[in-house]
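*Asks:* One file: start21.tsv (TSV, C-alpha atoms).
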chain	number	residue	atom	x	y	z
A	20	MET	CA	-11.51	25.89	7.51
A	21	ILE	CA	-8.53	23.60	6.97
A	22	ASP	CA	-10.90	20.82	5.90
A	23	PHE	CA	-12.41	23.11	3.31
A	24	LEU	CA	-8.96	24.03	2.01
A	25	LEU	CA	-7.91	20.37	1.85
A	26	LEU	CA	-11.03	19.40	-0.09
A	27	LEU	CA	-10.52	22.36	-2.41
A	28	PHE	CA	-6.96	21.25	-3.12
A	29	LEU	CA	-8.17	17.67	-3.67
A	30	VAL	CA	-10.61	18.87	-6.33
A	31	ILE	CA	-7.92	21.03	-7.95
A	32	CYS	CA	-5.47	18.09	-7.99
A	33	ALA	CA	-8.07	15.74	-9.46
A	34	ILE	CA	-8.93	18.18	-12.26
A	35	ALA	CA	-5.25	18.94	-12.90
A	36	ALA	CA	-4.38	15.23	-13.13
A	37	VAL	CA	-7.12	14.70	-15.70
A	38	ARG	CA	-6.29	17.79	-17.74
A	39	MET	CA	-2.51	17.29	-17.73
A	40	LYS	CA	-1.02	16.42	-21.11
A	41	ASP	CA	2.30	15.22	-19.68
A	42	LEU	CA	1.73	11.81	-18.08
A	43	LEU	CA	4.68	12.08	-15.68
A	44	SER	CA	3.22	15.30	-14.27
A	45	ALA	CA	-0.20	13.64	-14.00
A	46	ILE	CA	1.36	10.78	-11.99
A	47	MET	CA	3.06	13.22	-9.65
A	48	ILE	CA	-0.18	15.17	-9.15
A	49	LEU	CA	-1.90	11.89	-8.27
A	50	GLY	CA	0.81	11.42	-5.63
A	51	VAL	CA	0.01	14.86	-4.22
A	52	TYR	CA	-3.69	13.95	-4.30
A	53	SER	CA	-3.00	10.85	-2.19
A	54	LEU	CA	-0.86	12.81	0.25
A	55	LEU	CA	-3.66	15.36	0.72
A	56	MET	CA	-6.09	12.48	1.14
A	57	ALA	CA	-3.79	11.11	3.87
A	58	VAL	CA	-4.05	14.46	5.67
A	59	VAL	CA	-7.85	14.27	5.35
A	60	TRP	CA	-7.81	10.79	6.93
A	61	THR	CA	-5.66	12.12	9.76
A	62	ARG	CA	-8.15	14.94	10.26
A	63	LEU	CA	-10.84	12.24	10.58
A	64	ASN	CA	-8.71	10.48	13.24
A	65	ALA	CA	-8.17	7.46	10.97
A	66	VAL	CA	-4.40	7.38	11.34
A	67	ASP	CA	-3.94	3.79	10.16
A	68	VAL	CA	-5.86	4.53	6.98
A	69	ALA	CA	-3.86	7.74	6.57
A	70	PHE	CA	-0.64	5.79	6.91
A	71	THR	CA	-1.72	3.30	4.26
A	72	GLU	CA	-2.86	6.09	1.95
A	73	ALA	CA	0.47	7.88	2.32
A	74	SER	CA	2.65	4.82	1.82
A	75	VAL	CA	0.58	3.07	-0.85
A	76	GLY	CA	-1.20	5.92	-2.62
A	77	ALA	CA	1.48	8.57	-2.52
A	78	GLY	CA	4.50	6.25	-2.38
A	79	ILE	CA	4.39	2.93	-4.11
A	80	THR	CA	1.58	3.62	-6.63
A	81	THR	CA	3.50	6.63	-7.94
A	82	MET	CA	6.61	4.50	-8.38
A	83	LEU	CA	4.76	1.66	-10.09
A	84	LEU	CA	3.00	4.09	-12.44
A	85	ILE	CA	6.39	5.59	-13.30
A	86	ALA	CA	7.62	2.07	-14.03
A	87	ALA	CA	4.64	1.53	-16.31
A	88	LEU	CA	5.30	4.90	-17.93
A	89	SER	CA	8.85	3.81	-18.78
A	90	ARG	CA	7.30	1.37	-21.24
A	91	THR	CA	5.14	3.91	-23.02
A	92	ARG	CA	5.34	7.50	-24.20
A	93	ARG	CA	5.32	10.44	-21.84
A	94	GLY	CA	3.00	12.71	-23.76
A	95	GLU	CA	-0.53	12.29	-24.99
A	96	GLU	CA	-1.18	11.50	-28.63
A	97	ASN	CA	-1.02	14.69	-30.65
A	98	GLY	CA	-3.44	13.62	-33.35
A	99	ARG	CA	-6.33	13.26	-30.95
A	100	LYS	CA	-9.61	14.54	-32.29
A	101	SER	CA	-11.21	17.36	-30.36
A	102	PRO	CA	-14.23	15.93	-28.55
A	103	ASN	CA	-17.68	16.19	-30.04
A	104	LEU	CA	-19.84	18.82	-28.27
A	105	TYR	CA	-22.77	16.41	-27.82
A	106	HIS	CA	-20.49	13.77	-26.31
A	107	THR	CA	-19.10	16.33	-23.88
A	108	LEU	CA	-22.57	17.45	-22.87
A	109	ALA	CA	-23.76	13.85	-22.44
A	110	ALA	CA	-20.70	13.02	-20.29
A	111	PHE	CA	-21.27	16.16	-18.23
A	112	ALA	CA	-24.92	15.18	-17.68
A	113	VAL	CA	-23.90	11.68	-16.54
A	114	VAL	CA	-21.36	13.15	-14.12
A	115	LEU	CA	-23.90	15.64	-12.74
A	116	VAL	CA	-26.57	12.97	-12.20
A	117	THR	CA	-24.11	10.55	-10.56
A	118	GLY	CA	-22.79	13.31	-8.32
A	119	ALA	CA	-26.31	14.35	-7.34
A	120	VAL	CA	-27.21	10.72	-6.48
A	121	LEU	CA	-24.05	10.37	-4.37
A	122	ILE	CA	-24.76	13.60	-2.49
A	123	TYR	CA	-28.38	12.50	-2.00
A	124	GLY	CA	-26.98	9.25	-0.56
A	125	THR	CA	-24.92	11.09	2.03
A	126	ILE	CA	-28.00	12.87	3.41
A	127	ASP	CA	-29.14	9.68	5.13
A	128	MET	CA	-25.73	8.97	6.59
A	129	PRO	CA	-25.16	9.67	10.30
A	130	ASN	CA	-23.07	12.67	11.28
A	131	PHE	CA	-19.35	12.25	11.70
A	132	GLY	CA	-18.60	10.74	15.11
A	133	ASP	CA	-22.29	10.30	15.97
A	134	PRO	CA	-22.38	7.95	18.99
A	135	ASN	CA	-25.77	6.62	17.88
A	136	ALA	CA	-24.58	5.63	14.41
A	137	PRO	CA	-24.99	1.90	13.66
A	138	ALA	CA	-21.26	1.57	13.03
A	139	ASN	CA	-20.57	2.67	16.61
A	140	HIS	CA	-23.13	0.30	18.08
A	141	HIS	CA	-22.57	-3.17	16.75
A	142	VAL	CA	-19.09	-4.61	17.44
A	143	ALA	CA	-17.14	-1.38	17.97
A	144	PRO	CA	-17.80	-1.11	21.74
A	145	ARG	CA	-16.58	-4.65	22.26
A	146	TYR	CA	-13.36	-4.00	20.33
A	147	ILE	CA	-12.75	-0.81	22.28
A	148	GLU	CA	-13.44	-2.38	25.68
A	149	LYS	CA	-12.18	-5.92	25.31
A	150	SER	CA	-9.51	-5.97	22.61
A	151	TYR	CA	-6.59	-5.29	24.98
A	152	GLU	CA	-7.81	-7.92	27.40
A	153	GLU	CA	-8.27	-10.52	24.66
A	154	THR	CA	-5.31	-9.86	22.37
A	155	HIS	CA	-2.91	-7.81	24.52
A	156	VAL	CA	-2.31	-5.40	21.65
A	157	VAL	CA	-2.50	-1.70	22.42
A	158	ASN	CA	-3.48	-0.50	18.94
A	159	PHE	CA	-6.85	-2.09	18.40
A	160	VAL	CA	-6.79	-1.52	14.67
A	161	THR	CA	-3.90	-3.99	14.63
A	162	ALA	CA	-5.80	-6.24	17.05
A	163	ILE	CA	-8.77	-6.37	14.66
A	164	LEU	CA	-6.64	-6.90	11.54
A	165	ALA	CA	-4.28	-9.48	12.97
A	166	SER	CA	-6.41	-11.28	15.52
A	167	TYR	CA	-10.19	-10.86	15.16
A	168	ARG	CA	-9.94	-10.67	11.40
A	169	GLY	CA	-6.84	-12.82	11.05
A	170	TYR	CA	-8.35	-14.88	8.24
A	171	ASP	CA	-9.14	-11.77	6.21
A	172	THR	CA	-5.60	-10.49	6.57
A	173	LEU	CA	-4.26	-13.90	5.55
A	174	GLY	CA	-6.53	-13.70	2.52
A	175	GLU	CA	-5.31	-10.19	1.70
A	176	THR	CA	-1.70	-11.30	1.93
A	177	THR	CA	-2.52	-14.18	-0.40
A	178	VAL	CA	-4.14	-11.72	-2.83
A	179	ILE	CA	-0.93	-9.67	-2.92
A	180	PHE	CA	1.08	-12.87	-3.32
A	181	THR	CA	-1.16	-13.91	-6.21
A	182	ALA	CA	-0.73	-10.50	-7.84
A	183	GLY	CA	3.04	-10.95	-7.65
A	184	ILE	CA	2.81	-14.43	-9.18
A	185	CYS	CA	0.60	-13.13	-11.99
A	186	VAL	CA	3.05	-10.35	-12.82
A	187	VAL	CA	5.88	-12.89	-12.93
A	188	LEU	CA	3.89	-15.28	-15.11
A	189	LEU	CA	2.69	-12.62	-17.55
A	190	LEU	CA	5.68	-10.32	-17.89
A	191	ARG	CA	8.72	-12.44	-17.11
A	192	ARG	CA	7.81	-15.25	-19.47
A	193	LYS	CA	7.29	-12.75	-22.24
A	194	ARG	CA	10.78	-11.36	-21.73
A	195	GLU	CA	12.43	-14.76	-21.59
A	196	GLN	CA	10.89	-15.90	-24.86
B	19	MET	CA	15.43	3.06	-16.84
B	20	LYS	CA	18.04	4.01	-19.40
B	21	GLU	CA	21.79	4.42	-19.17
B	22	ARG	CA	21.76	8.19	-19.01
B	23	VAL	CA	19.45	8.01	-16.01
B	24	ALA	CA	21.73	5.55	-14.26
B	25	GLY	CA	24.93	7.31	-15.21
B	26	GLU	CA	25.66	10.86	-14.31
B	27	HIS	CA	23.47	12.37	-11.65
B	28	ILE	CA	25.74	12.49	-8.65
B	29	ILE	CA	23.37	14.50	-6.44
B	30	ARG	CA	20.60	11.99	-6.95
B	31	ARG	CA	22.92	9.09	-6.20
B	32	VAL	CA	24.41	10.62	-3.06
B	33	ILE	CA	21.00	11.63	-1.69
B	34	ALA	CA	19.55	8.19	-2.45
B	35	LYS	CA	22.44	6.41	-0.75
B	36	LEU	CA	22.03	8.70	2.24
B	37	LEU	CA	18.27	8.23	2.48
B	38	ILE	CA	17.80	4.53	1.76
B	39	PRO	CA	19.19	3.19	5.09
B	40	PHE	CA	16.91	5.54	7.01
B	41	ILE	CA	13.88	4.62	4.91
B	42	GLN	CA	14.58	0.93	5.52
B	43	LEU	CA	15.09	1.47	9.24
B	44	TYR	CA	11.80	3.35	9.34
B	45	ALA	CA	10.09	0.51	7.45
B	46	LEU	CA	11.31	-2.01	10.05
B	47	TYR	CA	10.15	0.34	12.79
B	48	VAL	CA	6.68	0.57	11.22
B	49	ILE	CA	6.43	-3.23	10.98
B	50	ALA	CA	7.61	-3.73	14.56
B	51	HIS	CA	5.57	-0.86	15.96
B	52	GLY	CA	2.21	-1.91	14.49
B	53	GLU	CA	1.01	-3.24	17.83
B	54	LEU	CA	1.53	0.08	19.57
B	55	GLY	CA	0.84	2.77	17.00
B	56	PRO	CA	-0.44	3.23	13.47
B	57	GLY	CA	1.24	1.08	10.88
B	58	GLY	CA	1.96	-2.60	10.64
B	59	GLY	CA	3.16	-5.23	8.22
B	60	PHE	CA	1.44	-3.87	5.13
B	61	GLN	CA	2.57	-0.26	5.43
B	62	GLY	CA	6.06	-1.24	6.58
B	63	GLY	CA	6.41	-3.73	3.74
B	64	VAL	CA	5.35	-1.10	1.22
B	65	ILE	CA	7.94	1.35	2.58
B	66	LEU	CA	10.64	-1.35	2.52
B	67	GLY	CA	9.76	-2.18	-1.07
B	68	ALA	CA	9.76	1.53	-1.97
B	69	SER	CA	13.30	1.96	-0.62
B	70	ILE	CA	14.59	-0.75	-2.95
B	71	ILE	CA	12.59	0.65	-5.87
B	72	LEU	CA	14.17	4.04	-5.14
B	73	TYR	CA	17.57	2.40	-5.44
B	74	ALA	CA	16.57	0.83	-8.75
B	75	ILE	CA	15.21	4.13	-10.09
B	76	VAL	CA	18.40	6.02	-9.24
B	77	PHE	CA	21.02	3.39	-10.08
B	78	GLY	CA	19.19	1.53	-12.84
B	79	VAL	CA	17.09	-1.61	-12.90
B	80	ASP	CA	19.97	-3.96	-13.68
B	81	GLU	CA	22.06	-2.56	-10.84
B	82	GLY	CA	19.07	-3.00	-8.53
B	83	ARG	CA	18.64	-6.58	-9.64
B	84	LYS	CA	22.25	-7.21	-8.63
B	85	ARG	CA	21.37	-6.24	-5.07
B	86	ILE	CA	18.06	-8.12	-4.91
B	87	SER	CA	18.30	-11.03	-7.29
B	88	GLN	CA	15.22	-12.38	-9.04
B	89	LYS	CA	15.51	-15.67	-7.20
B	90	PHE	CA	15.83	-13.98	-3.82
B	91	SER	CA	12.74	-11.77	-4.25
B	92	ASP	CA	10.75	-14.74	-5.60
B	93	ILE	CA	11.63	-16.77	-2.52
B	94	LEU	CA	10.72	-13.82	-0.24
B	95	THR	CA	7.33	-13.48	-1.97
B	96	SER	CA	6.25	-16.92	-0.84
B	97	THR	CA	8.15	-16.87	2.46
B	98	GLY	CA	5.88	-14.16	3.89
B	99	VAL	CA	2.65	-16.07	3.18
B	100	LEU	CA	4.34	-19.22	4.50
B	101	VAL	CA	5.27	-17.45	7.76
B	102	TYR	CA	1.68	-16.23	8.18
B	103	ALA	CA	0.03	-19.56	7.38
B	104	GLY	CA	2.73	-21.40	9.33
B	105	ILE	CA	1.99	-19.46	12.50
B	106	GLY	CA	-1.68	-20.34	12.04
B	107	LEU	CA	-0.74	-23.99	11.70
B	108	LEU	CA	1.52	-23.83	14.76
B	109	CYS	CA	-1.49	-22.64	16.74
B	110	VAL	CA	-3.41	-25.73	15.57
B	111	LEU	CA	-0.48	-27.97	16.50
B	112	ALA	CA	-0.38	-26.33	19.93
B	113	GLY	CA	-3.98	-27.33	20.46
B	114	GLY	CA	-5.84	-24.14	19.57
B	115	ALA	CA	-7.87	-23.02	16.58
B	116	TYR	CA	-6.22	-21.77	13.39
B	117	LEU	CA	-4.54	-18.41	14.15
B	118	GLU	CA	-5.51	-18.59	17.83
B	119	TYR	CA	-2.28	-17.09	19.08
B	120	THR	CA	-3.00	-17.53	22.77
B	121	ALA	CA	-2.70	-21.30	22.26
B	122	LEU	CA	1.00	-20.96	21.45
B	123	PRO	CA	3.09	-22.39	24.31
B	124	LEU	CA	5.12	-19.27	25.06
B	125	GLY	CA	4.48	-18.84	28.75
B	126	SER	CA	1.82	-16.23	29.26
B	127	HIS	CA	-1.16	-15.57	27.00
B	128	GLN	CA	-0.01	-12.00	26.70
B	129	LEU	CA	3.38	-12.97	25.30
B	130	ALA	CA	1.90	-15.62	22.97
B	131	SER	CA	-0.64	-13.21	21.51
B	132	GLY	CA	1.93	-10.44	21.14
B	133	LEU	CA	4.52	-12.65	19.48
B	134	GLY	CA	1.94	-14.34	17.24
B	135	ILE	CA	0.69	-10.98	15.94
B	136	TYR	CA	4.27	-9.76	15.62
B	137	GLY	CA	5.08	-12.87	13.56
B	138	ILE	CA	2.21	-12.47	11.12
B	139	GLU	CA	3.01	-8.76	10.70
B	140	ILE	CA	6.52	-9.74	9.69
B	141	GLY	CA	5.06	-12.29	7.26
B	142	VAL	CA	2.78	-9.67	5.69
B	143	GLY	CA	5.70	-7.24	5.48
B	144	ILE	CA	7.98	-9.72	3.70
B	145	THR	CA	5.39	-10.65	1.09
B	146	VAL	CA	4.25	-7.08	0.43
B	147	ALA	CA	7.82	-5.77	0.08
B	148	ALA	CA	8.83	-8.64	-2.22
B	149	VAL	CA	5.73	-8.30	-4.43
B	150	MET	CA	6.19	-4.53	-4.79
B	151	ILE	CA	9.82	-5.08	-5.80
B	152	THR	CA	8.81	-7.80	-8.25
B	153	ILE	CA	6.07	-5.69	-9.86
B	154	PHE	CA	8.48	-2.79	-10.30
B	155	PHE	CA	11.33	-4.85	-11.72
B	156	GLU	CA	9.05	-6.72	-14.11
B	157	THR	CA	7.23	-3.57	-15.28
B	158	ALA	CA	10.07	-1.09	-15.62
B	159	ARG	CA	11.86	-0.98	-18.92
B	160	ARG	CA	15.33	-2.51	-19.12
B	161	ASP	CA	18.16	-1.61	-21.43
B	162	ASP	CA	17.81	-4.81	-23.42
B	163	ASP	CA	14.06	-4.51	-24.07
Take the structure in the file and give it back as structure tokens.
*Replies:*
Amino acid sequence: MIDFLLLLFLVICAIAAVRMKDLLSAIMILGVYSLLMAVVWTRLNAVDVAFTEASVGAGITTMLLIAALSRTRRGEENGRKSPNLYHTLAAFAVVLVTGAVLIYGTIDMPNFGDPNAPANHHVAPRYIEKSYEETHVVNFVTAILASYRGYDTLGETTVIFTAGICVVLLLRRKREQ
Amino acid sequence: MKERVAGEHIIRRVIAKLLIPFIQLYALYVIAHGELGPGGGFQGGVILGASIILYAIVFGVDEGRKRISQKFSDILTSTGVLVYAGIGLLCVLAGGAYLEYTALPLGSHQLASGLGIYGIEIGVGITVAAVMITIFFETARRDDD
């Protein structure tokens, strides 16, 4: 029941964020969307993902979008043409087909928490049984990220570092000129 | 943000000053607690960055830059990656593979692994926090733009 309500609110938030004329309100609704998504992750027992969703999606992304908004106008353009009926219908058809394909794709997926699912067969049992012995870290999500997949996390940190450097190179130089 | 945003709103300023130390303490807790519970360097770094961005939103970008200077955040950005890669290199120097924490000569394997992971989480946290701060300060509009 609560899952149904959460998904319902997610859909409402998504539609509201798209329909909103005021961009600041749209940003805040996206923050709410991420917070609801974090609750959904918690419901799926993915607390680390929920934590990231709450801090990144609901927290920092909202702030960075507000920063971006401070450089543009808050409202939508008034002189926008009303959309052509054929264009709307074509877009609606594309959305319907894509949605149908995605739902068709989920039919083959294993049930939630299915012990026979491939994801629960391959390396997961080893992480669950051996990770404390091998890394001495209680939370095995951290053990995987920092130890088994240490290179990946180093790469991810470098990606964030590179993003920071790019922002400095693109925006700071422009200001200093 | 503009002068009028930075100027008058006393409630916003008092609440922000009250909240920011707790947000930062929580961020450090999340970074340090990543081994035991959900969280870790990335989430903690994001929260730490958010606390400073909150300060800049409430008190103005220029006031925020006075607290965290451009040079300081630039140095922090690369320090985090350096800490991470440096710990990997230390493991090689200690005779193990790259990022093989148990090779670190810290007594027991348990302690070496724990401290190694702790160290890289701190590195991730520093870089993430500094990059978030940098992106905000470079993107947000200043008075002189």
*Asks:* Which chain A residues have any atom within 7 Å of an atom of chain B, and for each, what is the nearest pair of atoms with distance in Å to one decimal, counting only C-alpha atoms, rows sorted by chain and number, as JSON lines?
*Replies:*
{"residue": "A:Val66", "atom": "CA", "partner": "B:Pro56", "partner_atom": "CA", "distance": 6.1}
{"residue": "A:Asp67", "atom": "CA", "partner": "B:Pro56", "partner_atom": "CA", "distance": 4.8}
{"residue": "A:Phe70", "atom": "CA", "partner": "B:Gly57", "partner_atom": "CA", "distance": 6.4}
{"residue": "A:Thr71", "atom": "CA", "partner": "B:Gln61", "partner_atom": "CA", "distance": 5.7}
{"residue": "A:Ser74", "atom": "CA", "partner": "B:Gln61", "partner_atom": "CA", "distance": 6.2}
{"residue": "A:Val75", "atom": "CA", "partner": "B:Val64", "partner_atom": "CA", "distance": 6.7}
{"residue": "A:Ile79", "atom": "CA", "partner": "B:Ala68", "partner_atom": "CA", "distance": 5.9}
{"residue": "A:Leu83", "atom": "CA", "partner": "B:Phe154", "partner_atom": "CA", "distance": 5.8}
{"residue": "A:Ala86", "atom": "CA", "partner": "B:Ala158", "partner_atom": "CA", "distance": 4.3}
{"residue": "A:Ala87", "atom": "CA", "partner": "B:Thr157", "partner_atom": "CA", "distance": 5.8}
{"residue": "A:Ser89", "atom": "CA", "partner": "B:Arg159", "partner_atom": "CA", "distance": 5.7}
{"residue": "A:Arg90", "atom": "CA", "partner": "B:Arg159", "partner_atom": "CA", "distance": 5.6}
{"residue": "A:Thr154", "atom": "CA", "partner": "B:Ser131", "partner_atom": "CA", "distance": 5.8}
{"residue": "A:His155", "atom": "CA", "partner": "B:Gln128", "partner_atom": "CA", "distance": 5.5}
{"residue": "A:Val156", "atom": "CA", "partner": "B:Glu53", "partner_atom": "CA", "distance": 5.5}
{"residue": "A:Val157", "atom": "CA", "partner": "B:Leu54", "partner_atom": "CA", "distance": 5.2}
{"residue": "A:Asn158", "atom": "CA", "partner": "B:Leu54", "partner_atom": "CA", "distance": 5.1}
{"residue": "A:Thr161", "atom": "CA", "partner": "B:Glu53", "partner_atom": "CA", "distance": 5.9}
{"residue": "A:Ala165", "atom": "CA", "partner": "B:Ile135", "partner_atom": "CA", "distance": 6.0}
{"residue": "A:Gly169", "atom": "CA", "partner": "B:Leu117", "partner_atom": "CA", "distance": 6.8}
{"residue": "A:Leu173", "atom": "CA", "partner": "B:Tyr102", "partner_atom": "CA", "distance": 6.9}
{"residue": "A:Thr176", "atom": "CA", "partner": "B:Val142", "partner_atom": "CA", "distance": 6.1}
{"residue": "A:Thr177", "atom": "CA", "partner": "B:Val99", "partner_atom": "CA", "distance": 6.6}
{"residue": "A:Ile179", "atom": "CA", "partner": "B:Val146", "partner_atom": "CA", "distance": 6.7}
{"residue": "A:Phe180", "atom": "CA", "partner": "B:Thr95", "partner_atom": "CA", "distance": 6.4}
{"residue": "A:Gly183", "atom": "CA", "partner": "B:Val149", "partner_atom": "CA", "distance": 5.0}
{"residue": "A:Val186", "atom": "CA", "partner": "B:Ile153", "partner_atom": "CA", "distance": 6.3}
{"residue": "A:Leu190", "atom": "CA", "partner": "B:Glu156", "partner_atom": "CA", "distance": 6.2}
{"residue": "A:Arg191", "atom": "CA", "partner": "B:Glu156", "partner_atom": "CA", "distance": 6.5}
*Asks:* Would you work out the distance separating atom CA of A:Ser53 from atom CA of A:Thr80, expressed in Å to one decimal?
*Replies:*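 Here the two named atoms are 9.6 Å from each other.
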*Asks:* Name the closest residue to B:Ile86 among the candidates B:Leu46, B:Ile41, B:Ala74, B:Leu108; distances are taken between atoms, counting only C-alpha atoms.
*Replies:* B:Ala74
*Asks:* Find the distance between atom CA of B:Lys35 and atom CA of A:Glu72 and write it in Å to one decimal.
*Replies:* 25.4 Å
*Asks:* Please indicate the distance in Å from atom CA of A:Ser166 to atom CA of A:Leu54, rounded to one decimal place.
*Replies:*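 Taking atom CA of A:Ser166 and atom CA of A:Leu54, their separation equals 29.1 Å.
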*Asks:* Determine, counting all atoms listed in the file, which protein, DNA and RNA residues have an atom within 10 Å of an atom of A:Val51; residues of the same chain fewer than 6 positions away are not included. Present the result as JSON, numbers by chain.
*Replies:* {"A": [28, 29, 32, 33, 36, 45, 57, 73, 76, 77, 78, 81]}
*Asks:* Within 12 Å of A:Ala138, counting all atoms listed in the file, which residues show up once you throw out same-chain ones fewer than 6 positions away? Write them as a list in words, please.
*Replies:*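 Answer for this query is Met128, Pro129, Asn130, Phe131, Gly132 and Pro144 of chain A.
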